[in-house]
>>> print(open('my_file.cif').read())   # mmCIF, C-alpha atoms and all ligand atoms
data_data
loop_
_atom_site.label_atom_id
_atom_site.label_comp_id
_atom_site.auth_asym_id
_atom_site.auth_seq_id
_atom_site.Cartn_x
_atom_site.Cartn_y
_atom_site.Cartn_z
CA MET A 1 35.55 17.52 0.88
CA ALA A 2 36.03 18.40 4.55
CA ILE A 3 33.06 20.77 4.35
CA LEU A 4 30.90 18.08 2.77
CA TYR A 5 31.90 15.70 5.55
CA LYS A 6 31.22 18.28 8.27
CA THR A 7 27.81 19.16 6.89
CA GLY A 8 27.08 15.46 7.02
CA ILE A 9 26.64 14.92 3.30
CA LEU A 10 29.46 12.39 3.24
CA ALA A 11 29.28 11.38 6.86
CA CYS A 12 27.54 8.06 6.84
CA SER A 13 26.25 7.44 10.36
CA ALA A 14 27.50 4.20 11.84
CA PRO A 15 24.58 1.80 12.22
CA ASP A 16 23.32 1.74 15.77
CA THR A 17 23.22 -2.02 16.10
CA GLY A 18 21.74 -1.95 19.62
CA GLU A 19 18.69 -0.03 18.44
CA GLU A 20 18.49 -2.14 15.29
CA ASP A 21 18.50 -5.40 17.28
CA LYS A 22 15.77 -4.10 19.59
CA ILE A 23 13.55 -3.25 16.63
CA LEU A 24 14.31 -6.57 14.96
CA PHE A 25 13.29 -8.37 18.15
CA GLU A 26 9.93 -6.57 18.09
CA LEU A 27 9.45 -7.30 14.38
CA ARG A 28 10.27 -10.97 14.90
CA LYS A 29 7.41 -11.20 17.38
CA MET A 30 5.05 -9.82 14.72
CA GLU A 31 6.40 -11.23 11.47
CA GLN A 32 9.06 -13.94 11.29
CA ASP A 33 9.43 -13.85 7.50
CA LEU A 34 9.91 -10.10 7.46
CA ALA A 35 12.48 -10.12 10.28
CA GLN A 36 14.39 -12.94 8.60
CA SER A 37 14.67 -11.16 5.28
CA LEU A 38 16.50 -8.17 6.80
CA GLN A 39 20.29 -8.10 6.53
CA PRO A 40 22.48 -6.78 9.37
CA GLY A 41 22.78 -3.01 9.15
CA TRP A 42 19.36 -2.74 7.45
CA LEU A 43 18.39 0.34 9.41
CA GLY A 44 21.68 2.24 9.47
CA ARG A 45 22.24 1.82 5.74
CA TRP A 46 19.21 3.98 4.95
CA GLU A 47 19.75 6.62 7.64
CA LYS A 48 19.64 10.27 6.47
CA LYS A 49 20.39 13.39 8.47
CA ILE A 50 17.46 15.40 9.77
CA LYS A 51 19.27 18.63 8.89
CA HIS A 52 19.14 17.67 5.20
CA LEU A 53 15.36 17.50 5.26
CA THR A 54 13.23 20.59 4.74
CA PRO A 55 9.66 19.61 5.61
CA GLY A 56 6.98 21.34 3.55
CA PRO A 57 3.15 21.30 3.41
CA LEU A 58 1.00 18.54 4.83
CA ILE A 59 -0.25 16.16 2.11
CA GLY A 60 -1.75 13.35 4.17
CA GLU A 61 -2.99 13.10 7.72
CA GLY A 62 -4.29 10.55 10.19
CA MET A 63 -4.56 10.04 13.91
CA PHE A 64 -1.24 8.15 14.03
CA GLY A 65 0.64 9.44 11.03
CA LEU A 66 1.35 12.58 9.06
CA VAL A 67 2.74 12.90 5.54
CA ARG A 68 4.48 16.08 4.43
CA LYS A 69 5.88 17.04 1.09
CA GLY A 70 9.54 17.87 1.66
CA LYS A 71 12.94 18.45 0.11
CA LEU A 72 15.95 16.29 0.84
CA ARG A 73 19.47 17.56 0.21
CA THR A 74 21.45 14.83 -1.60
CA PHE A 75 24.64 14.50 -3.66
CA GLU A 76 22.66 15.12 -6.82
CA GLY A 77 20.86 18.18 -5.47
CA GLU A 78 17.46 18.64 -3.90
CA LEU A 79 15.00 15.78 -4.17
CA ALA A 80 11.22 16.06 -3.66
CA VAL A 81 10.13 13.51 -1.07
CA ALA A 82 7.07 12.52 0.90
CA ALA A 83 8.11 12.46 4.57
CA LYS A 84 5.99 10.21 6.79
CA THR A 85 6.16 10.62 10.52
CA VAL A 86 4.29 9.42 13.59
CA ARG A 87 1.99 11.84 15.32
CA VAL A 88 0.98 9.95 18.42
CA GLU A 89 4.01 8.65 20.25
CA ASP A 90 2.65 5.33 21.44
CA SER A 91 3.95 1.82 20.93
CA GLN A 92 1.39 0.94 18.21
CA SER A 93 2.44 3.97 16.11
CA TYR A 94 6.12 3.10 16.46
CA ARG A 95 5.43 -0.55 15.62
CA ASP A 96 3.60 0.58 12.46
CA PHE A 97 6.42 2.99 11.63
CA TYR A 98 9.16 0.35 11.89
CA ARG A 99 7.05 -2.30 10.16
CA GLU A 100 6.62 0.03 7.18
CA ALA A 101 10.33 0.94 7.24
CA ALA A 102 11.36 -2.73 7.49
CA ILE A 103 9.09 -3.83 4.62
CA LEU A 104 10.38 -1.09 2.34
CA VAL A 105 14.00 -1.93 3.19
CA ALA A 106 13.32 -5.66 2.55
CA VAL A 107 11.70 -4.88 -0.81
CA HIS A 108 14.58 -2.63 -1.88
CA GLN A 109 17.18 -5.11 -0.66
CA GLN A 110 15.56 -7.85 -2.72
CA ARG A 111 15.65 -5.66 -5.80
CA ASP A 112 19.32 -4.82 -5.41
CA GLY A 113 20.77 -4.69 -8.93
CA ASP A 114 17.35 -5.06 -10.58
CA TYR A 115 16.77 -1.83 -12.43
CA ARG A 116 13.29 -2.58 -13.71
CA GLU A 117 10.68 -0.25 -12.26
CA SER A 118 9.24 -1.58 -9.02
CA ASN A 119 5.53 -1.19 -8.31
CA ILE A 120 6.16 -0.55 -4.65
CA VAL A 121 6.77 3.05 -3.64
CA ARG A 122 10.49 3.89 -3.68
CA LEU A 123 12.22 4.35 -0.33
CA VAL A 124 14.59 7.32 -0.34
CA GLY A 125 15.79 7.05 3.25
CA LEU A 126 14.93 6.86 6.93
CA ILE A 127 15.46 9.29 9.77
CA THR A 128 15.34 7.34 13.02
CA LYS A 129 18.04 8.91 15.18
CA SER A 130 16.35 12.22 15.94
CA ALA A 131 13.34 12.71 18.19
CA GLU A 132 11.18 13.18 15.10
CA LYS A 133 11.38 10.05 12.95
CA TYR A 134 10.68 9.95 9.22
CA ILE A 135 10.24 7.51 6.39
CA LEU A 136 11.27 9.33 3.20
CA LEU A 137 9.57 8.20 0.00
CA GLU A 138 9.67 9.26 -3.62
CA TYR A 139 7.10 12.01 -4.07
CA ALA A 140 4.15 10.94 -6.26
CA PRO A 141 2.69 14.19 -7.65
CA LYS A 142 -0.60 12.67 -8.82
CA GLY A 143 -1.50 11.53 -5.31
CA ASP A 144 -3.45 8.40 -4.54
CA LEU A 145 -5.52 6.27 -6.91
CA LEU A 146 -8.78 6.82 -5.00
CA GLY A 147 -8.57 10.60 -5.42
CA PHE A 148 -7.50 10.11 -9.02
CA LEU A 149 -10.54 7.91 -9.77
CA ARG A 150 -12.90 10.34 -8.08
CA ARG A 151 -11.56 13.27 -10.09
CA ILE A 152 -12.34 11.62 -13.44
CA LYS A 153 -14.94 13.80 -15.13
CA ASN A 154 -15.72 12.10 -18.41
CA HIS A 155 -17.06 8.73 -17.27
CA ASN A 156 -17.91 7.60 -20.78
CA LYS A 157 -14.58 8.24 -22.39
CA ASP A 158 -13.59 5.50 -24.86
CA GLY A 159 -11.05 3.12 -23.42
CA LEU A 160 -11.35 4.57 -19.89
CA LEU A 161 -11.72 1.23 -18.06
CA GLY A 162 -9.08 -0.44 -20.23
CA ASN A 163 -6.63 2.32 -19.37
CA LEU A 164 -7.45 2.23 -15.67
CA LEU A 165 -6.88 -1.52 -15.63
CA GLY A 166 -3.26 -0.67 -16.47
CA TYR A 167 -2.98 0.55 -12.87
CA ALA A 168 -4.48 -2.74 -11.64
CA VAL A 169 -1.80 -4.60 -13.63
CA HIS A 170 0.86 -2.54 -11.82
CA ILE A 171 -0.56 -3.45 -8.43
CA ALA A 172 -0.81 -7.14 -9.38
CA ARG A 173 2.95 -6.88 -10.02
CA ALA A 174 3.47 -5.23 -6.62
CA LEU A 175 1.67 -8.20 -5.02
CA GLN A 176 4.08 -10.54 -6.84
CA GLU A 177 7.02 -8.61 -5.36
CA LEU A 178 5.54 -8.99 -1.86
CA GLU A 179 4.70 -12.65 -2.43
CA ARG A 180 8.36 -13.37 -3.22
CA LEU A 181 9.19 -12.01 0.23
CA ARG A 182 6.18 -13.71 1.82
CA ILE A 183 5.00 -10.37 3.17
CA ALA A 184 1.32 -9.47 3.37
CA HIS A 185 0.48 -5.80 2.84
CA ARG A 186 -2.80 -6.04 4.86
CA ASP A 187 -4.42 -2.92 3.41
CA VAL A 188 -4.51 -3.16 -0.37
CA ALA A 189 -7.01 -0.48 -1.45
CA ALA A 190 -7.18 2.38 -3.95
CA ARG A 191 -6.40 4.91 -1.17
CA ASN A 192 -3.04 3.17 -0.68
CA VAL A 193 -1.92 3.23 -4.30
CA LEU A 194 0.12 6.21 -5.48
CA ILE A 195 0.42 7.44 -9.05
CA THR A 196 3.86 8.68 -10.09
CA ALA A 197 4.63 11.46 -12.55
CA ASP A 198 5.15 8.77 -15.25
CA ALA A 199 1.68 7.32 -14.60
CA VAL A 200 2.97 4.23 -12.80
CA ALA A 201 0.81 2.89 -9.97
CA LYS A 202 2.76 1.97 -6.84
CA LEU A 203 1.61 0.23 -3.72
CA ALA A 204 2.24 2.31 -0.60
CA ASP A 205 1.15 2.66 3.02
CA PHE A 206 2.34 -0.32 4.95
CA GLY A 207 1.04 0.97 8.24
CA LEU A 208 0.65 4.67 8.97
CA ALA A 209 -2.12 7.26 8.61
CA ARG A 210 -4.68 4.53 8.15
CA ASP A 211 -7.47 6.44 9.80
CA VAL A 212 -7.51 9.23 7.22
CA TYR A 213 -10.77 7.77 5.89
CA ALA A 214 -11.86 6.45 9.28
CA THR A 215 -15.50 7.43 8.99
CA THR A 216 -16.52 4.79 6.49
CA GLN A 217 -13.43 2.88 5.50
CA TYR A 218 -12.01 1.69 8.81
CA VAL A 219 -13.91 0.09 11.66
CA ARG A 220 -12.72 -0.15 15.22
CA CYS A 221 -12.07 -3.74 16.23
CA ASN A 222 -12.66 -4.57 19.87
CA ARG A 223 -11.56 -8.19 19.95
CA PRO A 224 -10.09 -9.14 23.34
CA GLY A 225 -6.63 -7.63 23.55
CA ILE A 226 -6.95 -5.81 20.21
CA ASP A 227 -8.04 -2.25 19.66
CA GLU A 228 -7.29 -1.05 16.18
CA LEU A 229 -8.96 0.43 13.15
CA LEU A 230 -9.42 -2.14 10.44
CA PRO A 231 -10.44 -1.79 6.77
CA LEU A 232 -13.34 -4.23 7.23
CA LYS A 233 -14.87 -3.94 3.74
CA TRP A 234 -11.51 -4.73 2.09
CA MET A 235 -10.66 -7.62 4.37
CA ALA A 236 -10.73 -11.32 3.54
CA LEU A 237 -13.20 -13.41 5.53
CA GLU A 238 -10.42 -15.32 7.30
CA SER A 239 -8.63 -12.08 8.29
CA ILE A 240 -11.81 -10.76 9.89
CA GLU A 241 -12.44 -14.02 11.70
CA THR A 242 -8.93 -14.91 12.82
CA GLY A 243 -6.80 -11.77 12.37
CA GLU A 244 -4.56 -13.69 9.99
CA TYR A 245 -3.11 -11.96 6.92
CA THR A 246 -1.48 -13.70 3.96
CA CYS A 247 -0.68 -13.01 0.32
CA GLN A 248 -4.03 -14.67 -0.45
CA SER A 249 -5.87 -12.26 1.84
CA ASP A 250 -4.16 -9.42 -0.07
CA VAL A 251 -5.66 -10.97 -3.24
CA TRP A 252 -9.13 -10.63 -1.67
CA SER A 253 -8.47 -6.91 -1.02
CA PHE A 254 -7.15 -6.58 -4.56
CA GLY A 255 -10.57 -7.79 -5.77
CA VAL A 256 -12.12 -4.87 -3.85
CA LEU A 257 -9.57 -2.52 -5.44
CA LEU A 258 -10.76 -3.77 -8.87
CA TRP A 259 -14.31 -2.95 -7.76
CA GLU A 260 -13.16 0.56 -6.76
CA ILE A 261 -11.64 1.01 -10.22
CA ALA A 262 -14.78 -0.24 -11.97
CA THR A 263 -16.96 2.18 -9.94
CA LEU A 264 -14.47 5.09 -10.28
CA GLY A 265 -13.84 5.23 -6.55
CA LYS A 266 -17.17 4.40 -4.88
CA ASP A 267 -17.17 3.36 -1.26
CA PRO A 268 -17.91 -0.39 -1.17
CA TYR A 269 -21.31 -1.38 0.21
CA TYR A 270 -22.71 -4.80 0.99
CA ASP A 271 -26.36 -5.62 0.99
CA GLY A 272 -27.16 -1.92 0.45
CA ARG A 273 -25.33 -0.95 3.66
CA MET A 274 -22.28 1.32 3.97
CA GLN A 275 -21.53 0.72 7.65
CA LEU A 276 -21.31 -2.78 9.02
CA SER A 277 -20.09 -4.22 12.30
CA PHE A 278 -17.65 -7.10 12.47
CA LEU A 279 -20.39 -9.62 13.17
CA GLN A 280 -22.66 -8.30 10.40
CA MET A 281 -19.78 -8.43 7.91
CA VAL A 282 -18.87 -12.02 8.80
CA GLY A 283 -22.56 -13.02 8.57
CA ILE A 284 -22.92 -11.44 5.13
CA LEU A 285 -19.74 -13.00 3.74
CA ARG A 286 -20.55 -16.41 5.25
CA GLN A 287 -23.91 -16.32 3.41
CA GLY A 288 -21.94 -15.93 0.18
CA ILE A 289 -22.96 -12.29 -0.35
CA ARG A 290 -20.31 -10.27 -2.16
CA LEU A 291 -20.02 -6.78 -3.67
CA GLU A 292 -22.38 -6.46 -6.61
CA LYS A 293 -21.33 -6.13 -10.23
CA PRO A 294 -20.82 -2.41 -10.90
CA PRO A 295 -22.95 -0.95 -13.71
CA GLY A 296 -21.17 -1.32 -17.05
CA CYS A 297 -18.53 -3.67 -15.63
CA PRO A 298 -17.60 -6.41 -18.13
CA GLU A 299 -18.66 -9.90 -17.05
CA ASP A 300 -15.06 -11.18 -17.25
CA LEU A 301 -13.79 -8.46 -14.93
CA TYR A 302 -16.52 -9.19 -12.38
CA ARG A 303 -15.71 -12.91 -12.62
CA LEU A 304 -12.10 -12.05 -11.77
CA MET A 305 -13.24 -10.01 -8.73
CA ARG A 306 -15.44 -12.89 -7.54
CA SER A 307 -12.55 -15.33 -7.83
CA CYS A 308 -10.54 -13.07 -5.49
CA TRP A 309 -13.38 -13.33 -2.95
CA ARG A 310 -13.53 -17.11 -2.73
CA ASP A 311 -13.92 -18.44 0.81
CA VAL A 312 -10.98 -20.83 0.60
CA PRO A 313 -7.76 -18.77 0.29
CA ASP A 314 -5.88 -21.40 -1.78
CA THR A 315 -8.55 -21.34 -4.47
CA ARG A 316 -8.09 -17.61 -5.17
CA PRO A 317 -5.98 -16.68 -8.20
CA THR A 318 -2.29 -15.91 -7.67
CA PRO A 319 -1.02 -12.39 -8.43
CA GLU A 320 0.65 -13.80 -11.60
CA GLU A 321 -2.65 -15.27 -12.81
CA ILE A 322 -4.39 -11.99 -12.01
CA GLU A 323 -1.85 -10.04 -14.05
CA GLU A 324 -2.31 -12.41 -17.00
CA ARG A 325 -6.12 -12.15 -16.88
CA LEU A 326 -6.00 -8.37 -16.57
CA LEU A 327 -3.71 -8.09 -19.57
CA GLN A 328 -6.15 -10.21 -21.60
CA LEU A 329 -9.07 -8.08 -20.45
CA ARG A 330 -7.18 -4.94 -21.29
CA ARG A 331 -6.40 -6.20 -24.78
CA ALA A 332 -10.11 -6.89 -25.31
CA LEU A 333 -11.08 -3.43 -24.02
CA LEU A 334 -8.32 -1.58 -25.89
CA PRO A 335 -8.14 -3.31 -29.25
CA HIS A 336 -5.59 -0.87 -30.59
CA ASP A 337 -3.59 -0.95 -27.37
CA VAL A 338 -4.20 2.72 -26.70
CA ILE A 339 -2.44 3.67 -23.49
CA GLU A 340 -3.59 7.07 -22.39
CA MET A 341 -3.09 7.27 -18.65
CA GLU A 342 -2.36 10.97 -18.86
CA THR A 343 -5.65 11.84 -20.52
CA VAL A 344 -8.17 9.92 -18.46
CA VAL A 345 -8.87 12.68 -15.95
P1 LIG B 401 -0.38 6.92 3.56
O1 LIG B 401 -0.09 6.89 5.00
O2 LIG B 401 0.76 6.34 2.78
O3 LIG B 401 -1.70 6.33 3.19
O4 LIG B 401 -0.45 8.45 3.16
C1 LIG B 401 -1.61 9.26 3.35
C2 LIG B 401 -1.78 10.15 2.12
O5 LIG B 401 -0.60 10.96 1.94
C3 LIG B 401 -1.94 9.38 0.81
O6 LIG B 401 -3.28 9.04 0.57
C4 LIG B 401 -1.42 10.40 -0.21
O7 LIG B 401 -2.43 11.31 -0.57
C5 LIG B 401 -0.32 11.11 0.56
N1 LIG B 401 0.98 10.47 0.27
C6 LIG B 401 1.58 9.47 0.93
N2 LIG B 401 2.75 9.13 0.39
C7 LIG B 401 2.91 9.94 -0.68
C8 LIG B 401 3.92 10.07 -1.69
N3 LIG B 401 4.99 9.26 -1.70
N4 LIG B 401 3.75 11.01 -2.63
C9 LIG B 401 2.64 11.80 -2.64
N5 LIG B 401 1.66 11.71 -1.74
C10 LIG B 401 1.78 10.81 -0.76
#
>>> encode(input="my_file.cif", output="structure tokens")
Amino acid sequence: MAILYKTGILACSAPDTGEEDKILFELRKMEQDLAQSLQPGWLGRWEKKIKHLTPGPLIGEGMFGLVRKGKLRTFEGELAVAAKTVRVEDSQSYRDFYREAAILVAVHQQRDGDYRESNIVRLVGLITKSAEKYILLEYAPKGDLLGFLRRIKNHNKDGLLGNLLGYAVHIARALQELERLRIAHRDVAARNVLITADAVAKLADFGLARDVYATTQYVRCNRPGIDELLPLKWMALESIETGEYTCQSDVWSFGVLLWEIATLGKDPYYDGRMQLSFLQMVGILRQGIRLEKPPGCPEDLYRLMRSCWRDVPDTRPTPEEIEERLLQLRRALLPHDVIEMETVV
């Protein structure tokens, strides 16, 4: 027992309330609802020891964030984790890091005692007390949904779209979880959905490594006082115009995720153009132009996408309604309810 304590396995670090309060103060400036949903001790409760982490190969990379596969020593033995860390030590990177940590803690706190599978990536722990800081997540061996879609070889396989819509159902459930907490994800897209070993889609990436696909998927915003990379083609009109994000703006991005599924991971293009500036994008959306119906996409599915892209946020479907409509669509596409997630690639 003494050895376990000394090696830190039993030694639970006392929450550093000074540090926690400072971070909470910063979060409150950004997101009131998020800051309010955190219970005292939220940071310390998840703290793990750096010496229990063995970082492994790089699995994701961006200008601000890095993701490594790693092993965490726990009571039950070694656990495979994805360890996210900041690469550039500036205030924006740290803000993103703590925002992601805070959201994941809030989601897990809300689910306390609820043992149904969540569709938000599972938080394993946080390492915030060492110079190198980490967010430790369950490791999803199948990687992200975008890569998964792009690796599909047999595009004409029976039931392919119906099966893939199962992943969309999972993400509609993740949006319901976030809606309950009144938290907007801000970057719902296939690249930010992970597929677990049991073929469950989980929403991930609440802030870091967002420039991995910077060339076509993120555009630098130079509004006065703001300089960040934004996922323009996934963003709701009002988010582009005012910088405001809500659960309804996540629904808009979800519509683009449906389009990515229906095209097996194509890069969205408007009006035949891949790259658009902020002003061009606003002009196009204001004219009522939207992503086109992908070849072979059922009319009902495209109608659902279009409803996610309505100008007025309140008129977009709720995540519950989306889930219901997707389940109906799926039943129509998979009459015998064949669920074959494992065999679609
Ligand atoms: P993210 O910052 O979450 O977008 O991570 C960048 C990339 O790292 C993702 O696109 C994945 O390929 C990989 N990645 C992130 N988290 C995990 C995880 N929990 N399990 C496996 N791969 C991950």
>>> closest_residue(input="my_file.cif", among="A:Leu326, A:Ala189, A:Ala35, A:Leu334", to="Arg99 in chain A", atoms="only C-alpha atoms")
A:Ala35
>>> closest_atom_pairs(input="my_file.cif", of="chain A", to="ligand LIG 401 (chain B)", cutoff="10 Å", atoms="all atoms listed in the file", output="JSON lines")
{"residue": "A:Leu58", "atom": "CA", "partner": "B:LIG401", "partner_atom": "O5", "distance": 8.3}
{"residue": "A:Ile59", "atom": "CA", "partner": "B:LIG401", "partner_atom": "O5", "distance": 5.2}
{"residue": "A:Gly60", "atom": "CA", "partner": "B:LIG401", "partner_atom": "O5", "distance": 3.5}
{"residue": "A:Glu61", "atom": "CA", "partner": "B:LIG401", "partner_atom": "C1", "distance": 6.0}
{"residue": "A:Gly62", "atom": "CA", "partner": "B:LIG401", "partner_atom": "C1", "distance": 7.5}
{"residue": "A:Phe64", "atom": "CA", "partner": "B:LIG401", "partner_atom": "O1", "distance": 9.2}
{"residue": "A:Gly65", "atom": "CA", "partner": "B:LIG401", "partner_atom": "O1", "distance": 6.6}
{"residue": "A:Leu66", "atom": "CA", "partner": "B:LIG401", "partner_atom": "O1", "distance": 7.1}
{"residue": "A:Val67", "atom": "CA", "partner": "B:LIG401", "partner_atom": "O5", "distance": 5.3}
{"residue": "A:Arg68", "atom": "CA", "partner": "B:LIG401", "partner_atom": "O5", "distance": 7.6}
{"residue": "A:Lys69", "atom": "CA", "partner": "B:LIG401", "partner_atom": "C9", "distance": 7.2}
{"residue": "A:Gly70", "atom": "CA", "partner": "B:LIG401", "partner_atom": "N4", "distance": 9.9}
{"residue": "A:Ala80", "atom": "CA", "partner": "B:LIG401", "partner_atom": "N4", "distance": 9.1}
{"residue": "A:Val81", "atom": "CA", "partner": "B:LIG401", "partner_atom": "N3", "distance": 6.7}
{"residue": "A:Ala82", "atom": "CA", "partner": "B:LIG401", "partner_atom": "N3", "distance": 4.7}
{"residue": "A:Ala83", "atom": "CA", "partner": "B:LIG401", "partner_atom": "N2", "distance": 7.6}
{"residue": "A:Lys84", "atom": "CA", "partner": "B:LIG401", "partner_atom": "O1", "distance": 7.2}
{"residue": "A:Thr85", "atom": "CA", "partner": "B:LIG401", "partner_atom": "O1", "distance": 9.1}
{"residue": "A:Val86", "atom": "CA", "partner": "B:LIG401", "partner_atom": "O1", "distance": 10.0}
{"residue": "A:Glu100", "atom": "CA", "partner": "B:LIG401", "partner_atom": "O2", "distance": 9.7}
{"residue": "A:Val121", "atom": "CA", "partner": "B:LIG401", "partner_atom": "N3", "distance": 6.7}
{"residue": "A:Arg122", "atom": "CA", "partner": "B:LIG401", "partner_atom": "N3", "distance": 7.9}
{"residue": "A:Leu123", "atom": "CA", "partner": "B:LIG401", "partner_atom": "N3", "distance": 8.8}
{"residue": "A:Val124", "atom": "CA", "partner": "B:LIG401", "partner_atom": "N3", "distance": 9.9}
{"residue": "A:Ile135", "atom": "CA", "partner": "B:LIG401", "partner_atom": "N2", "distance": 9.7}
{"residue": "A:Leu136", "atom": "CA", "partner": "B:LIG401", "partner_atom": "N3", "distance": 8.0}
{"residue": "A:Leu137", "atom": "CA", "partner": "B:LIG401", "partner_atom": "N3", "distance": 5.0}
{"residue": "A:Glu138", "atom": "CA", "partner": "B:LIG401", "partner_atom": "N3", "distance": 5.1}
{"residue": "A:Tyr139", "atom": "CA", "partner": "B:LIG401", "partner_atom": "N4", "distance": 3.8}
{"residue": "A:Ala140", "atom": "CA", "partner": "B:LIG401", "partner_atom": "N4", "distance": 3.7}
{"residue": "A:Pro141", "atom": "CA", "partner": "B:LIG401", "partner_atom": "C9", "distance": 5.6}
{"residue": "A:Lys142", "atom": "CA", "partner": "B:LIG401", "partner_atom": "C9", "distance": 7.0}
{"residue": "A:Gly143", "atom": "CA", "partner": "B:LIG401", "partner_atom": "N5", "distance": 4.8}
{"residue": "A:Asp144", "atom": "CA", "partner": "B:LIG401", "partner_atom": "O7", "distance": 5.0}
{"residue": "A:Leu145", "atom": "CA", "partner": "B:LIG401", "partner_atom": "O6", "distance": 8.3}
{"residue": "A:Leu146", "atom": "CA", "partner": "B:LIG401", "partner_atom": "O6", "distance": 8.1}
{"residue": "A:Gly147", "atom": "CA", "partner": "B:LIG401", "partner_atom": "O7", "distance": 7.9}
{"residue": "A:Phe148", "atom": "CA", "partner": "B:LIG401", "partner_atom": "O7", "distance": 9.9}
{"residue": "A:Asp187", "atom": "CA", "partner": "B:LIG401", "partner_atom": "O3", "distance": 9.6}
{"residue": "A:Ala189", "atom": "CA", "partner": "B:LIG401", "partner_atom": "O3", "distance": 9.8}
{"residue": "A:Ala190", "atom": "CA", "partner": "B:LIG401", "partner_atom": "O6", "distance": 8.9}
{"residue": "A:Arg191", "atom": "CA", "partner": "B:LIG401", "partner_atom": "O6", "distance": 5.5}
{"residue": "A:Asn192", "atom": "CA", "partner": "B:LIG401", "partner_atom": "O3", "distance": 5.2}
{"residue": "A:Val193", "atom": "CA", "partner": "B:LIG401", "partner_atom": "O6", "distance": 7.7}
{"residue": "A:Leu194", "atom": "CA", "partner": "B:LIG401", "partner_atom": "C8", "distance": 6.6}
{"residue": "A:Ile195", "atom": "CA", "partner": "B:LIG401", "partner_atom": "C9", "distance": 8.1}
{"residue": "A:Thr196", "atom": "CA", "partner": "B:LIG401", "partner_atom": "N4", "distance": 7.8}
{"residue": "A:Ala197", "atom": "CA", "partner": "B:LIG401", "partner_atom": "N4", "distance": 10.0}
{"residue": "A:Lys202", "atom": "CA", "partner": "B:LIG401", "partner_atom": "N3", "distance": 9.2}
{"residue": "A:Leu203", "atom": "CA", "partner": "B:LIG401", "partner_atom": "O2", "distance": 9.0}
{"residue": "A:Ala204", "atom": "CA", "partner": "B:LIG401", "partner_atom": "O2", "distance": 5.5}
{"residue": "A:Asp205", "atom": "CA", "partner": "B:LIG401", "partner_atom": "O2", "distance": 3.7}
{"residue": "A:Phe206", "atom": "CA", "partner": "B:LIG401", "partner_atom": "O2", "distance": 7.2}
{"residue": "A:Gly207", "atom": "CA", "partner": "B:LIG401", "partner_atom": "O1", "distance": 6.8}
{"residue": "A:Leu208", "atom": "CA", "partner": "B:LIG401", "partner_atom": "O1", "distance": 4.6}
{"residue": "A:Ala209", "atom": "CA", "partner": "B:LIG401", "partner_atom": "O1", "distance": 4.2}
{"residue": "A:Arg210", "atom": "CA", "partner": "B:LIG401", "partner_atom": "O1", "distance": 6.0}
{"residue": "A:Asp211", "atom": "CA", "partner": "B:LIG401", "partner_atom": "O3", "distance": 8.8}
{"residue": "A:Val212", "atom": "CA", "partner": "B:LIG401", "partner_atom": "C1", "distance": 7.1}
{"residue": "A:Tyr213", "atom": "CA", "partner": "B:LIG401", "partner_atom": "O6", "distance": 9.3}
>>> residues_around(input="my_file.cif", residues="range 49-54 of chain A", least_positions_apart="2", cutoff="9 Å", atoms="all atoms listed in the file", output="list of chain:residue names")
A:Thr7, A:Gly8, A:Ile9, A:Ser13, A:Glu47, A:Gly56, A:Lys69, A:Gly70, A:Lys71, A:Leu72, A:Arg73, A:Thr74, A:Ala83, A:Leu126, A:Ile127, A:Thr128, A:Lys129, A:Ser130, A:Glu132, A:Lys133, A:Tyr134
>>> closest_residue(input="my_file.cif", among="A:Asp314, A:Asp300, A:Asp267, A:Glu26", to="Arg330 in chain A", atoms="all atoms listed in the file")
A:Asp300
>>> atom_distance(input="my_file.cif", atom1="CA of Phe75 in chain A", atom2="CA of Ser118 in chain A")
22.9 Å
>>> closest_residue(input="my_file.cif", among="A:Ala262, A:Val200, A:Ala174, A:Ile183", to="Met305 in chain A", atoms="all atoms listed in the file")
A:Ala262
>>> atom_distance(input="my_file.cif", atom1="CA of Leu276 in chain A", atom2="CA of Asp96 in chain A")
25.4 Å
>>> closest_residue(input="my_file.cif", among="A:Ser277, A:Leu329, A:Trp46, A:Trp259", to="Pro295 in chain A", atoms="all atoms listed in the file")
A:Trp259
>>> atom_distance(input="my_file.cif", atom1="CA of Pro40 in chain A", atom2="CA of Ser93 in chain A")
23.7 Å
>>> residues_around(input="my_file.cif", residues="Tyr269 in chain A", least_positions_apart="4", cutoff="9 Å", atoms="all atoms listed in the file", output="number ranges by chain")
A: 233, 273-276, 291-292
>>> closest_residue(input="my_file.cif", among="A:Asn154, A:Thr315, A:Gln110, A:Ser307", to="Leu258 in chain A", atoms="all atoms listed in the file")
A:Ser307
>>> residues_around(input="my_file.cif", residues="Leu175 in chain A", least_positions_apart="4", cutoff="8 Å", atoms="all atoms listed in the file", output="list of chain:residue names")
A:Ile171, A:Glu179, A:Cys247, A:Asp250, A:Pro319
>>> write_last_selection(input="my_file.cif", atoms="C-alpha atoms", output="short mmCIF file (atom, residue, chain, number, x, y, z; two decimals), in the frame of the given file")
data_model
loop_
_atom_site.label_atom_id
_atom_site.label_comp_id
_atom_site.auth_asym_id
_atom_site.auth_seq_id
_atom_site.Cartn_x
_atom_site.Cartn_y
_atom_site.Cartn_z
CA ILE A 171 -0.56 -3.45 -8.43
CA GLU A 179 4.70 -12.65 -2.43
CA CYS A 247 -0.68 -13.01 0.32
CA ASP A 250 -4.16 -9.42 -0.07
CA PRO A 319 -1.02 -12.39 -8.43
#
>>> closest_residue(input="my_file.cif", among="A:Leu160, A:Leu149, A:Ile103, A:Ile240", to="His185 in chain A", atoms="all atoms listed in the file")
A:Ile103
